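Chemist: One file is attached below, coords32.cif, containing mmCIF, C-alpha atoms.
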```cif
data_coords
loop_
_atom_site.label_atom_id
_atom_site.label_comp_id
_atom_site.auth_asym_id
_atom_site.auth_seq_id
_atom_site.Cartn_x
_atom_site.Cartn_y
_atom_site.Cartn_z
CA MET A 1 -39.52 -18.94 2.79
CA ALA A 2 -40.07 -15.27 3.55
CA VAL A 3 -38.71 -13.58 6.68
CA PRO A 4 -41.23 -14.33 9.49
CA GLY A 5 -43.43 -11.33 10.20
CA ALA A 6 -45.51 -12.53 13.15
CA PRO A 7 -43.17 -11.43 15.99
CA ALA A 8 -42.90 -7.90 14.60
CA ALA A 9 -46.64 -7.70 13.90
CA LEU A 10 -47.61 -8.87 17.38
CA ALA A 11 -45.14 -6.45 18.97
CA ALA A 12 -46.59 -3.58 16.91
CA LEU A 13 -50.13 -4.55 17.88
CA HIS A 14 -49.05 -4.67 21.53
CA ALA A 15 -47.47 -1.22 21.27
CA GLU A 16 -50.75 0.25 19.98
CA GLY A 17 -52.27 0.18 23.47
CA ALA A 18 -51.98 -3.11 25.31
CA SER A 19 -52.64 -2.90 29.05
CA ARG A 20 -50.40 -5.81 30.11
CA GLU A 21 -46.80 -6.80 29.46
CA LEU A 22 -46.02 -9.38 26.77
CA SER A 23 -44.43 -11.60 29.42
CA HIS A 24 -47.84 -11.80 31.11
CA LEU A 25 -49.82 -12.16 27.90
CA TRP A 26 -47.59 -14.92 26.50
CA ALA A 27 -47.21 -16.83 29.78
CA GLY A 28 -50.02 -19.23 28.81
CA ALA A 29 -48.36 -19.96 25.47
CA VAL A 30 -45.04 -20.65 27.22
CA ARG A 31 -46.73 -23.07 29.63
CA ALA A 32 -48.55 -24.80 26.75
CA ALA A 33 -45.28 -25.23 24.85
CA GLU A 34 -43.46 -26.57 27.91
CA ARG A 35 -46.20 -29.04 28.82
CA GLY A 36 -47.27 -29.80 25.25
CA LEU A 37 -50.71 -29.49 23.76
CA PRO A 38 -52.72 -32.70 23.30
CA CYS A 39 -52.54 -33.94 19.72
CA THR A 40 -55.91 -33.60 17.97
CA ALA A 41 -57.20 -35.96 15.29
CA LYS A 42 -56.67 -33.19 12.72
CA THR A 43 -53.06 -32.62 13.83
CA ARG A 44 -52.34 -36.34 13.76
CA GLY A 45 -53.72 -36.54 10.22
CA ASP A 46 -51.53 -33.61 9.17
CA ILE A 47 -48.46 -35.27 10.70
CA VAL A 48 -49.17 -38.58 8.95
CA GLU A 49 -49.65 -36.78 5.62
CA THR A 50 -46.39 -34.83 5.90
CA ALA A 51 -44.31 -37.41 7.82
CA ALA A 52 -41.76 -37.91 5.03
CA ALA A 53 -40.96 -34.19 4.88
CA LEU A 54 -40.93 -33.82 8.67
CA LYS A 55 -38.40 -36.64 8.98
CA GLY A 56 -36.01 -34.52 6.92
CA ASP A 57 -35.78 -32.04 9.81
CA ALA A 58 -34.46 -33.60 13.01
CA GLU A 59 -36.03 -31.06 15.36
CA ALA A 60 -39.43 -31.05 13.68
CA ALA A 61 -39.41 -34.84 13.75
CA GLY A 62 -38.39 -34.85 17.42
CA VAL A 63 -41.44 -32.79 18.34
CA LEU A 64 -44.06 -34.09 15.92
CA LEU A 65 -42.91 -37.69 15.43
CA PRO A 66 -41.90 -38.77 18.94
CA GLY A 67 -40.07 -42.07 18.76
CA GLY A 68 -40.27 -41.86 14.98
CA GLU A 69 -44.02 -42.47 14.96
CA ALA A 70 -47.10 -40.30 14.54
CA PRO A 71 -48.48 -39.42 17.97
CA ALA A 72 -51.72 -40.84 19.30
CA VAL A 73 -54.75 -38.59 19.57
CA GLY A 74 -54.55 -36.96 22.99
CA GLN A 75 -50.79 -37.46 23.38
CA ARG A 76 -49.06 -34.31 24.53
CA LEU A 77 -46.35 -32.84 22.28
CA PRO A 78 -43.95 -30.76 24.43
CA GLN A 79 -41.89 -28.06 22.72
CA PRO A 80 -39.31 -26.93 25.30
CA ALA A 81 -37.12 -25.08 22.78
CA LEU A 82 -40.10 -23.07 21.56
CA ALA A 83 -41.05 -22.29 25.16
CA ARG A 84 -37.58 -20.81 25.73
CA THR A 85 -37.82 -18.75 22.55
CA LEU A 86 -41.28 -17.41 23.46
CA ARG A 87 -40.02 -16.41 26.90
CA GLU A 88 -37.05 -14.59 25.34
CA LEU A 89 -39.18 -12.82 22.74
CA ALA A 90 -41.73 -11.73 25.33
CA ALA A 91 -38.92 -9.83 27.05
CA ASP A 92 -37.52 -8.47 23.75
CA PRO A 93 -39.59 -9.16 20.60
CA GLY A 94 -37.19 -7.07 18.54
CA GLY A 95 -34.52 -9.63 19.33
CA PHE A 96 -36.04 -11.89 16.68
CA TYR A 97 -34.76 -9.49 14.00
CA THR A 98 -31.54 -8.09 15.49
CA GLY A 99 -28.99 -9.40 17.92
CA ALA A 100 -28.01 -12.96 18.80
CA PHE A 101 -31.21 -14.70 17.73
CA ALA A 102 -31.25 -12.99 14.34
CA GLU A 103 -27.57 -13.70 13.73
CA ARG A 104 -28.10 -17.34 14.56
CA ALA A 105 -31.19 -17.57 12.34
CA VAL A 106 -29.49 -16.00 9.32
CA ALA A 107 -26.35 -18.11 9.79
CA GLU A 108 -28.41 -21.33 9.91
CA LEU A 109 -30.42 -20.34 6.84
CA ARG A 110 -27.32 -19.41 4.88
CA ALA A 111 -25.85 -22.78 5.77
CA MET A 112 -28.99 -24.37 4.28
CA GLY A 113 -28.44 -22.40 1.07
CA ALA A 114 -30.87 -19.52 1.58
CA PRO A 115 -29.57 -16.25 0.06
CA PHE A 116 -30.09 -14.08 3.15
CA SER A 117 -27.65 -11.28 3.95
CA GLY A 118 -29.13 -10.42 7.33
CA GLU A 119 -30.12 -6.91 6.26
CA GLU A 120 -33.53 -7.96 4.95
CA TRP A 121 -34.08 -9.96 8.14
CA ALA A 122 -33.53 -6.81 10.23
CA LEU A 123 -35.70 -4.67 7.95
CA CYS A 124 -38.69 -6.96 8.46
CA GLY A 125 -38.62 -6.16 12.16
CA GLU A 126 -39.55 -2.56 11.40
CA VAL A 127 -43.34 -2.47 11.26
CA THR A 128 -45.28 0.71 10.58
CA PRO A 129 -49.04 0.30 11.06
CA GLN A 130 -50.88 0.93 7.81
CA PRO A 131 -54.40 2.35 7.43
CA ALA A 132 -57.15 -0.03 6.42
CA ILE A 133 -58.55 0.05 2.90
CA THR A 134 -62.30 0.55 2.76
CA GLY A 135 -65.35 0.10 0.60
CA SER A 136 -69.09 0.71 0.94
CA TYR A 137 -71.70 -2.00 1.18
CA GLY A 138 -75.33 -2.39 2.11
CA GLY A 139 -76.97 0.88 3.10
CA GLY A 140 -74.09 3.05 4.18
CA ARG A 141 -71.94 0.45 5.89
CA THR A 142 -68.16 0.49 5.48
CA ILE A 143 -66.01 -2.61 5.10
CA HIS A 144 -62.53 -2.10 6.55
CA GLN A 145 -59.96 -4.51 5.07
CA THR A 146 -56.27 -5.27 5.34
CA PRO A 147 -54.01 -3.60 2.71
CA LEU A 148 -51.31 -5.15 0.52
CA PRO A 149 -49.67 -7.62 0.51
CA THR A 150 -53.00 -9.12 1.62
CA PRO A 151 -55.87 -9.68 -0.84
CA GLY A 152 -58.25 -7.57 1.24
CA TRP A 153 -58.96 -5.46 -1.85
CA MET A 154 -60.49 -8.56 -3.49
CA VAL A 155 -63.27 -8.66 -0.89
CA LEU A 156 -63.91 -4.96 -1.52
CA HIS A 157 -63.93 -5.66 -5.27
CA GLN A 158 -66.41 -8.52 -5.08
CA ALA A 159 -68.57 -6.59 -2.62
CA ALA A 160 -68.63 -3.58 -4.94
CA LEU A 161 -69.76 -5.75 -7.87
CA LEU A 162 -72.49 -7.40 -5.79
CA ASN A 163 -73.66 -4.42 -3.74
CA GLY A 164 -77.43 -4.01 -4.00
CA ARG A 165 -77.86 -7.10 -6.20
CA LEU A 166 -78.21 -9.97 -3.71
CA GLY A 167 -80.73 -8.84 -1.09
CA ASP A 168 -83.78 -9.45 -3.28
CA LEU A 169 -82.58 -12.82 -4.58
CA PRO A 170 -83.39 -16.11 -2.82
CA TRP A 171 -80.71 -16.74 -0.21
CA LEU A 172 -78.09 -19.12 -1.65
CA GLY A 173 -80.21 -19.76 -4.71
CA ASP A 174 -78.60 -20.62 -8.03
CA GLU A 175 -78.61 -17.02 -9.30
CA ALA A 176 -76.91 -15.72 -6.16
CA ILE A 177 -74.28 -18.50 -6.29
CA HIS A 178 -73.66 -17.72 -9.96
CA LEU A 179 -73.12 -14.02 -9.17
CA PHE A 180 -70.76 -14.78 -6.28
CA ALA A 181 -68.72 -17.08 -8.53
CA ALA A 182 -68.67 -14.60 -11.41
CA ALA A 183 -67.46 -11.76 -9.17
CA ALA A 184 -64.75 -14.03 -7.74
CA ARG A 185 -63.54 -15.02 -11.22
CA LEU A 186 -63.10 -11.40 -12.25
CA SER A 187 -61.33 -10.54 -9.01
CA PHE A 188 -58.91 -13.45 -9.29
CA ALA A 189 -58.19 -12.70 -12.92
CA ASP A 190 -56.99 -9.24 -11.90
CA ARG A 191 -54.91 -10.66 -9.08
CA VAL A 192 -53.21 -13.40 -11.08
CA GLU A 193 -52.61 -11.38 -14.24
CA ARG A 194 -51.73 -7.91 -12.99
CA CYS A 195 -51.26 -7.45 -9.27
CA SER A 196 -48.27 -7.36 -6.96
CA SER A 197 -47.59 -6.10 -3.47
CA ASP A 198 -45.56 -3.11 -4.65
CA THR A 199 -48.01 -1.48 -7.09
CA GLU A 200 -51.44 0.13 -6.81
CA VAL A 201 -52.93 -1.70 -9.81
CA TRP A 202 -55.68 -3.17 -7.61
CA ARG A 203 -57.26 0.27 -7.25
CA GLU A 204 -58.07 0.30 -10.96
CA ALA A 205 -60.48 -2.61 -10.47
CA LEU A 206 -62.51 -0.57 -7.96
CA THR A 207 -63.15 2.49 -10.13
CA ALA A 208 -66.74 3.12 -11.18
CA GLU A 209 -65.82 2.74 -14.85
CA SER A 210 -64.09 -0.59 -14.28
CA LEU A 211 -66.92 -1.94 -12.12
CA ALA A 212 -69.44 -1.05 -14.84
CA GLU A 213 -67.35 -2.85 -17.47
CA GLN A 214 -66.98 -5.90 -15.25
CA TRP A 215 -70.69 -6.04 -14.47
CA ALA A 216 -71.33 -6.01 -18.21
CA ARG A 217 -69.04 -9.04 -18.49
CA ILE A 218 -70.98 -10.83 -15.76
CA SER A 219 -74.26 -10.05 -17.51
CA SER A 220 -72.97 -11.35 -20.84
CA GLY A 221 -71.30 -14.43 -19.38
CA ASP A 222 -67.88 -13.29 -20.63
CA LEU A 223 -65.89 -14.54 -17.64
CA PRO A 224 -62.28 -15.65 -17.21
CA ARG A 225 -61.65 -19.26 -16.22
CA GLY A 226 -58.93 -21.00 -14.30
CA TYR A 227 -58.35 -18.79 -11.28
CA ALA A 228 -58.94 -18.96 -7.53
CA GLY A 229 -58.84 -20.89 -4.40
CA ALA A 230 -57.63 -23.95 -2.65
CA ALA A 231 -58.17 -24.47 1.05
CA ASP A 232 -55.26 -26.16 2.76
CA GLY A 233 -52.81 -25.62 5.54
CA ASP A 234 -52.37 -24.10 8.91
CA THR A 235 -53.98 -20.66 8.98
CA THR A 236 -55.60 -19.50 12.23
CA TYR A 237 -58.12 -16.67 12.52
CA LEU A 238 -59.40 -15.12 15.73
CA THR A 239 -61.38 -12.09 16.78
CA ALA A 240 -61.75 -10.37 20.13
CA VAL A 241 -63.70 -7.38 21.43
CA ASP A 242 -62.79 -5.86 24.79
CA ALA A 243 -64.93 -4.21 27.46
CA GLU A 244 -64.34 -0.80 25.86
CA GLY A 245 -65.66 -2.00 22.50
CA ARG A 246 -62.26 -2.12 20.84
CA ALA A 247 -62.17 -4.94 18.30
CA VAL A 248 -59.27 -6.93 16.87
CA SER A 249 -59.52 -9.03 13.73
CA LEU A 250 -56.36 -11.16 13.47
CA ILE A 251 -55.11 -13.81 11.08
CA HIS A 252 -51.74 -15.54 10.71
CA SER A 253 -50.31 -18.52 8.88
CA LEU A 254 -47.23 -20.60 8.11
CA ALA A 255 -48.53 -21.24 4.56
CA PHE A 256 -49.23 -24.96 4.14
CA THR A 257 -49.23 -27.45 6.97
CA PHE A 258 -46.11 -27.01 9.15
CA GLY A 259 -44.88 -24.31 6.74
CA SER A 260 -41.54 -25.17 5.15
CA LYS A 261 -41.11 -28.18 7.51
CA THR A 262 -37.81 -26.57 8.50
CA THR A 263 -36.88 -25.61 12.07
CA LEU A 264 -34.28 -23.09 13.18
CA PRO A 265 -32.08 -25.42 15.26
CA GLY A 266 -32.36 -24.99 18.99
CA THR A 267 -35.23 -22.49 18.80
CA GLY A 268 -38.35 -24.56 18.15
CA VAL A 269 -39.30 -22.02 15.46
CA LEU A 270 -40.83 -23.76 12.44
CA LEU A 271 -40.35 -21.54 9.40
CA ASN A 272 -43.08 -20.48 7.00
CA ASN A 273 -43.58 -21.33 3.33
CA ARG A 274 -45.15 -18.01 2.38
CA LEU A 275 -42.71 -17.25 -0.43
CA GLY A 276 -43.06 -20.72 -1.94
CA ARG A 277 -46.84 -20.53 -1.85
CA GLY A 278 -47.37 -16.91 -2.79
CA ALA A 279 -44.73 -15.81 -5.31
CA TYR A 280 -44.29 -17.02 -8.89
CA LEU A 281 -41.23 -18.29 -10.75
CA ILE A 282 -42.48 -16.55 -13.90
CA GLU A 283 -39.99 -14.07 -15.31
CA GLY A 284 -41.41 -10.58 -15.60
CA HIS A 285 -44.63 -11.39 -13.73
CA PRO A 286 -45.82 -8.62 -11.34
CA ASN A 287 -45.79 -11.16 -8.50
CA ALA A 288 -42.54 -12.92 -9.48
CA VAL A 289 -39.94 -13.76 -6.85
CA GLN A 290 -37.74 -10.71 -6.39
CA PRO A 291 -35.43 -9.50 -3.62
CA ARG A 292 -37.19 -7.28 -1.04
CA ARG A 293 -40.60 -7.89 -2.65
CA ARG A 294 -43.22 -9.12 -0.22
CA PRO A 295 -45.16 -11.88 -2.00
CA LEU A 296 -48.91 -11.56 -2.32
CA HIS A 297 -50.68 -13.96 0.01
CA THR A 298 -54.19 -15.16 0.86
CA LEU A 299 -54.69 -13.78 4.37
CA ASN A 300 -57.17 -11.02 5.11
CA ALA A 301 -59.21 -9.81 8.07
CA TRP A 302 -62.05 -7.29 8.25
CA LEU A 303 -64.41 -5.15 10.29
CA VAL A 304 -67.69 -3.48 9.32
CA THR A 305 -68.98 -0.18 10.70
CA ASP A 306 -72.44 1.31 10.20
CA GLU A 307 -73.38 4.71 8.81
CA ALA A 308 -72.64 6.29 12.22
CA ASP A 309 -69.16 4.67 12.29
CA ARG A 310 -70.16 2.21 15.01
CA LEU A 311 -68.74 -1.30 15.05
CA GLU A 312 -71.23 -3.79 13.58
CA HIS A 313 -69.33 -6.93 12.48
CA VAL A 314 -65.85 -8.43 12.81
CA GLY A 315 -64.72 -11.45 10.84
CA GLY A 316 -62.33 -13.59 8.89
CA THR A 317 -61.59 -17.22 8.05
CA PRO A 318 -58.77 -19.62 7.21
CA GLY A 319 -58.89 -21.24 3.78
CA GLY A 320 -56.29 -20.11 1.26
CA ASP A 321 -57.86 -18.40 -1.74
CA GLY A 322 -61.25 -19.44 -0.41
CA GLN A 323 -60.92 -16.67 2.17
CA VAL A 324 -61.83 -13.76 -0.07
CA GLN A 325 -64.80 -15.72 -1.41
CA TRP A 326 -66.14 -16.99 1.91
CA ASN A 327 -65.65 -13.59 3.56
CA THR A 328 -67.71 -12.00 0.77
CA GLN A 329 -70.38 -14.66 1.20
CA LEU A 330 -70.40 -14.13 4.97
CA LEU A 331 -70.79 -10.36 4.59
CA SER A 332 -73.77 -10.90 2.29
CA HIS A 333 -75.38 -13.35 4.73
CA LEU A 334 -75.07 -10.81 7.54
CA ILE A 335 -75.92 -7.62 5.67
CA ASP A 336 -78.12 -8.57 2.70
CA HIS A 337 -80.13 -11.24 4.50
CA GLY A 338 -79.85 -10.29 8.16
CA LEU A 339 -78.63 -13.67 9.40
CA ASP A 340 -77.35 -13.87 12.94
CA PRO A 341 -73.63 -14.64 13.25
CA GLN A 342 -74.08 -18.32 14.04
CA ALA A 343 -76.36 -18.91 11.06
CA ALA A 344 -74.01 -16.96 8.79
CA VAL A 345 -71.00 -19.04 9.88
CA ASP A 346 -72.99 -22.28 9.59
CA ALA A 347 -74.12 -21.52 6.02
CA PRO A 348 -72.85 -23.86 3.27
CA ARG A 349 -69.89 -22.52 1.31
CA PHE A 350 -68.64 -22.71 -2.24
CA THR A 351 -65.46 -21.64 -4.00
CA ILE A 352 -64.13 -21.42 -7.51
CA HIS A 353 -60.97 -23.44 -8.16
CA PRO A 354 -58.05 -23.56 -9.11
CA GLY A 355 -56.28 -20.71 -7.47
CA SER A 356 -53.74 -17.97 -7.37
CA ASP A 357 -51.56 -20.24 -5.22
CA ALA A 358 -48.51 -21.20 -7.23
CA ASP A 359 -49.12 -24.94 -6.86
CA VAL A 360 -52.64 -24.96 -8.36
CA LEU A 361 -52.40 -22.57 -11.32
CA GLY A 362 -53.60 -24.30 -14.46
CA GLN A 363 -55.69 -27.01 -12.80
CA PRO A 364 -59.16 -27.75 -14.30
CA ASP A 365 -61.82 -25.15 -13.61
CA GLU A 366 -64.40 -26.12 -10.97
CA LEU A 367 -66.99 -24.63 -8.65
CA ARG A 368 -66.47 -26.56 -5.43
CA ALA A 369 -69.67 -26.55 -3.40
CA GLU A 370 -71.00 -28.16 -0.26
CA SER A 371 -73.75 -30.69 -0.97
CA ARG A 372 -75.85 -28.95 1.70
CA LEU A 373 -76.78 -26.38 -0.94
CA GLY A 374 -79.13 -29.06 -2.27
CA ALA A 375 -79.26 -31.18 -5.40
CA GLU A 376 -81.86 -28.97 -7.12
CA THR A 377 -79.87 -25.77 -6.54
CA LEU A 378 -76.60 -27.37 -7.65
CA ALA A 379 -78.25 -28.71 -10.80
CA ALA A 380 -79.45 -25.19 -11.58
CA VAL A 381 -75.94 -23.83 -11.01
CA ARG A 382 -74.61 -26.42 -13.48
CA GLY A 383 -77.22 -25.18 -15.91
CA ARG A 384 -75.61 -21.74 -15.69
CA GLY A 385 -72.35 -23.18 -17.06
CA HIS A 386 -70.43 -24.05 -13.90
CA GLU A 387 -68.51 -27.32 -13.53
CA VAL A 388 -69.81 -28.16 -10.05
CA ARG A 389 -67.92 -30.51 -7.80
#
```
As structure tokens - that is how I would like this structure written.
Modeler:
Amino acid sequence: MAVPGAPAALAALHAEGASRELSHLWAGAVRAAERGLPCTAKTRGDIVETAAALKGDAEAAGVLLPGGEAPAVGQRLPQPALARTLRELAADPGGFYTGAFAERAVAELRAMGAPFSGEEWALCGEVTPQPAITGSYGGGRTIHQTPLPTPGWMVLHQAALLNGRLGDLPWLGDEAIHLFAAAARLSFADRVERCSSDTEVWREALTAESLAEQWARISSGDLPRGYAGAADGDTTYLTAVDAEGRAVSLIHSLAFTFGSKTTLPGTGVLLNNRLGRGAYLIEGHPNAVQPRRRPLHTLNAWLVTDEADRLEHVGGTPGGDGQVQWNTQLLSHLIDHGLDPQAAVDAPRFTIHPGSDADVLGQPDELRAESRLGAETLAAVRGRGHEVR
């Protein structure tokens, strides 16, 4: 696992101009944890699928497998320890990284065999807001994306390759799908082969010279194979716009369902699996596991402003490595084809597979597509050389 970043990130977001105290804002979450949220069919399915791993952690099992059995749909799952922790962190979010809570967390993890010293835990509580990275698209609009260690640059990369090329094509026709897939393959090849969170290599892919070379590869059919996304896990995306027009695009994740399936005893905090999912055990690789290196991950969130710098769109999605592909598709639906937001979100999706996630590297190459694209279109996509599933 990596040191959890959500408490520090939420505290930094709050400090940027929130109008109410965290204790007020988090009161609903505390009540929900105390009372327990009703188990959905999706959550029950996730619990059944991961029951063996959950049983290895007494506290996770106590919450998610009451009485040793998967809960019924609609059954409430109280989390009193998490409620206490949320109440404490609302009063002092920095306490997650320093002080008694942090000392307890590091001691428990060291006892489990994790090589934490405590110093890196404290350092992750220091969050400095970073500027967005940006790219142009569709008649003077600007896409604002999240910087490293997110893959936000990959959306900018795919958008740059496709800018001005999709608007005149039939919407979600075989040629458009082929171009989306080709741009994604090139973007993932750069990510998997060269990129890390502590270099600026990604910028090379966005230079005019590089984009011209990559477009030539798309035109000739000279494309890499065997990279990109799997959709799985627990990621949650949300967006909000307030009465003053201020927008927030927010995404967070434990990385795989129930993260590492490991709870910090007595806290209700279920730890993430971001390191296990995002970093590689490949010696010398730019994204190899290394002390103090933040692993690349799949999360990204975006906003779009028009030529007058006015807010036009806000978006994001769960979905592992599918995110950078579906976000690019969504942007094209909205900007190239003028779809309203509901129609854009409802549109059928497709994704190249396997992915940059450590557990899927090397799997057979596929273009995974919803059947709603239509048999005729999918047959034409196959005719362009894609192994459609």
Chemist: Find, counting only C-alpha atoms, the residue in A:Pro265, A:Gly259, A:Gly320, A:Gly338 that gets nearest to A:Ala58.
Modeler: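 Of all the options, A:Pro265 lies closest to A:Ala58.
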Chemist: Env of stretch 14-22 of chain A: 12 Å cut, atoms = only C-alpha atoms, seq-sep filter 5 positions within chain, self excluded. Answer as a VMD selection string.
Modeler: chain A and resid 7 to 9 27 to 30 86 to 93 127 to 129 242 246 248
Chemist: Once you count only C-alpha atoms, what closest atom pair and distance in Å to one decimal does each residue of stretch 44-156 of chain A within 10 Å of stretch 204-207 of chain A have, with rows by chain and rising residue number, as CSV?
Modeler:
```
residue,atom,partner,partner_atom,distance
A:Gly135,CA,A:Leu206,CA,9.0
A:Trp153,CA,A:Leu206,CA,8.6
A:Met154,CA,A:Ala205,CA,9.2
A:Leu156,CA,A:Leu206,CA,7.9
```
Chemist: Could you write out as a JSON list (two decimals) with C-alpha atoms, in the coordinates of the input the residues that the PyMOL selection byres ((chain A and resi 161-174) around 7) matches in the shown file?
Modeler:
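Okay, part-v8.json is ready:
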```json
[["chain", "number", "residue", "atom", "x", "y", "z"],
["A", 137, "TYR", "CA", -71.70, -2.00, 1.18],
["A", 138, "GLY", "CA", -75.33, -2.39, 2.11],
["A", 157, "HIS", "CA", -63.93, -5.66, -5.27],
["A", 158, "GLN", "CA", -66.41, -8.52, -5.08],
["A", 159, "ALA", "CA", -68.57, -6.59, -2.62],
["A", 160, "ALA", "CA", -68.63, -3.58, -4.94],
["A", 175, "GLU", "CA", -78.61, -17.02, -9.30],
["A", 176, "ALA", "CA", -76.91, -15.72, -6.16],
["A", 177, "ILE", "CA", -74.28, -18.50, -6.29],
["A", 178, "HIS", "CA", -73.66, -17.72, -9.96],
["A", 183, "ALA", "CA", -67.46, -11.76, -9.17],
["A", 211, "LEU", "CA", -66.92, -1.94, -12.12],
["A", 215, "TRP", "CA", -70.69, -6.04, -14.47],
["A", 336, "ASP", "CA", -78.12, -8.57, 2.70],
["A", 337, "HIS", "CA", -80.13, -11.24, 4.50],
["A", 377, "THR", "CA", -79.87, -25.77, -6.54],
["A", 380, "ALA", "CA", -79.45, -25.19, -11.58],
["A", 381, "VAL", "CA", -75.94, -23.83, -11.01]]
```
Chemist: Just give me the gap between atom CA of A:Ala12 and atom CA of A:Trp121 in Å, one decimal is fine.
Modeler: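 Atom-to-atom, atom CA of A:Ala12 to atom CA of A:Trp121, that is 16.6 Å.
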Chemist: Restricting the calculation to only C-alpha atoms: of A:Ser371, A:Ser117, A:Thr351, A:Ser356, which residue gets closest to A:Phe180?
Modeler: A:Thr351
Chemist: Run through the PyMOL selection byres ((chain A and resi 359) around 10) on the given coordinates and return the selected residues as a PDB file with C-alpha atoms, in the frame of the given file.
Modeler:
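Below is the file out_33.pdb, written as the result:
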```pdb
ATOM      1  CA  ALA A 230     -57.630 -23.950  -2.650  1.00  0.00           C
ATOM      2  CA  GLY A 276     -43.060 -20.720  -1.940  1.00  0.00           C
ATOM      3  CA  ARG A 277     -46.840 -20.530  -1.850  1.00  0.00           C
ATOM      4  CA  GLY A 278     -47.370 -16.910  -2.790  1.00  0.00           C
ATOM      5  CA  TYR A 280     -44.290 -17.020  -8.890  1.00  0.00           C
ATOM      6  CA  PRO A 354     -58.050 -23.560  -9.110  1.00  0.00           C
ATOM      7  CA  GLY A 355     -56.280 -20.710  -7.470  1.00  0.00           C
ATOM      8  CA  SER A 356     -53.740 -17.970  -7.370  1.00  0.00           C
ATOM      9  CA  ASP A 357     -51.560 -20.240  -5.220  1.00  0.00           C
ATOM     10  CA  ALA A 358     -48.510 -21.200  -7.230  1.00  0.00           C
ATOM     11  CA  VAL A 360     -52.640 -24.960  -8.360  1.00  0.00           C
ATOM     12  CA  LEU A 361     -52.400 -22.570 -11.320  1.00  0.00           C
ATOM     13  CA  GLY A 362     -53.600 -24.300 -14.460  1.00  0.00           C
ATOM     14  CA  GLN A 363     -55.690 -27.010 -12.800  1.00  0.00           C
TER      15      GLN A 363
END
```
Chemist: Determine the residue membership of the PyMOL selection byres ((chain A and resi 50) around 12) for the file above and supply it as an NGL selection string.
Modeler: :A and (43-49 or 51-57 or 60-61 or 64-65 or 70 or 233 or 256-261)
Chemist: Could you check which of A:Leu223, A:Ala212, A:Val192, A:Leu271 is closest to A:Leu179, using only C-alpha atoms?
Modeler: A:Leu223
Chemist: Could you check the closest approach to A:Val269 for each of A:Leu254, A:Ala347, A:Ala247, A:Leu311 and tell me which residue wins, using all atoms listed in the file?
Modeler: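 Counting all atoms listed in the file, the residue closest to A:Val269 is A:Leu254.
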Chemist: Could you tell me how far atom CA of A:Leu339 lies from atom CA of A:Ala184, in Å and to one decimal?
Modeler: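 Value for the atom CA of A:Leu339-atom CA of A:Ala184 distance: 22.1 Å.
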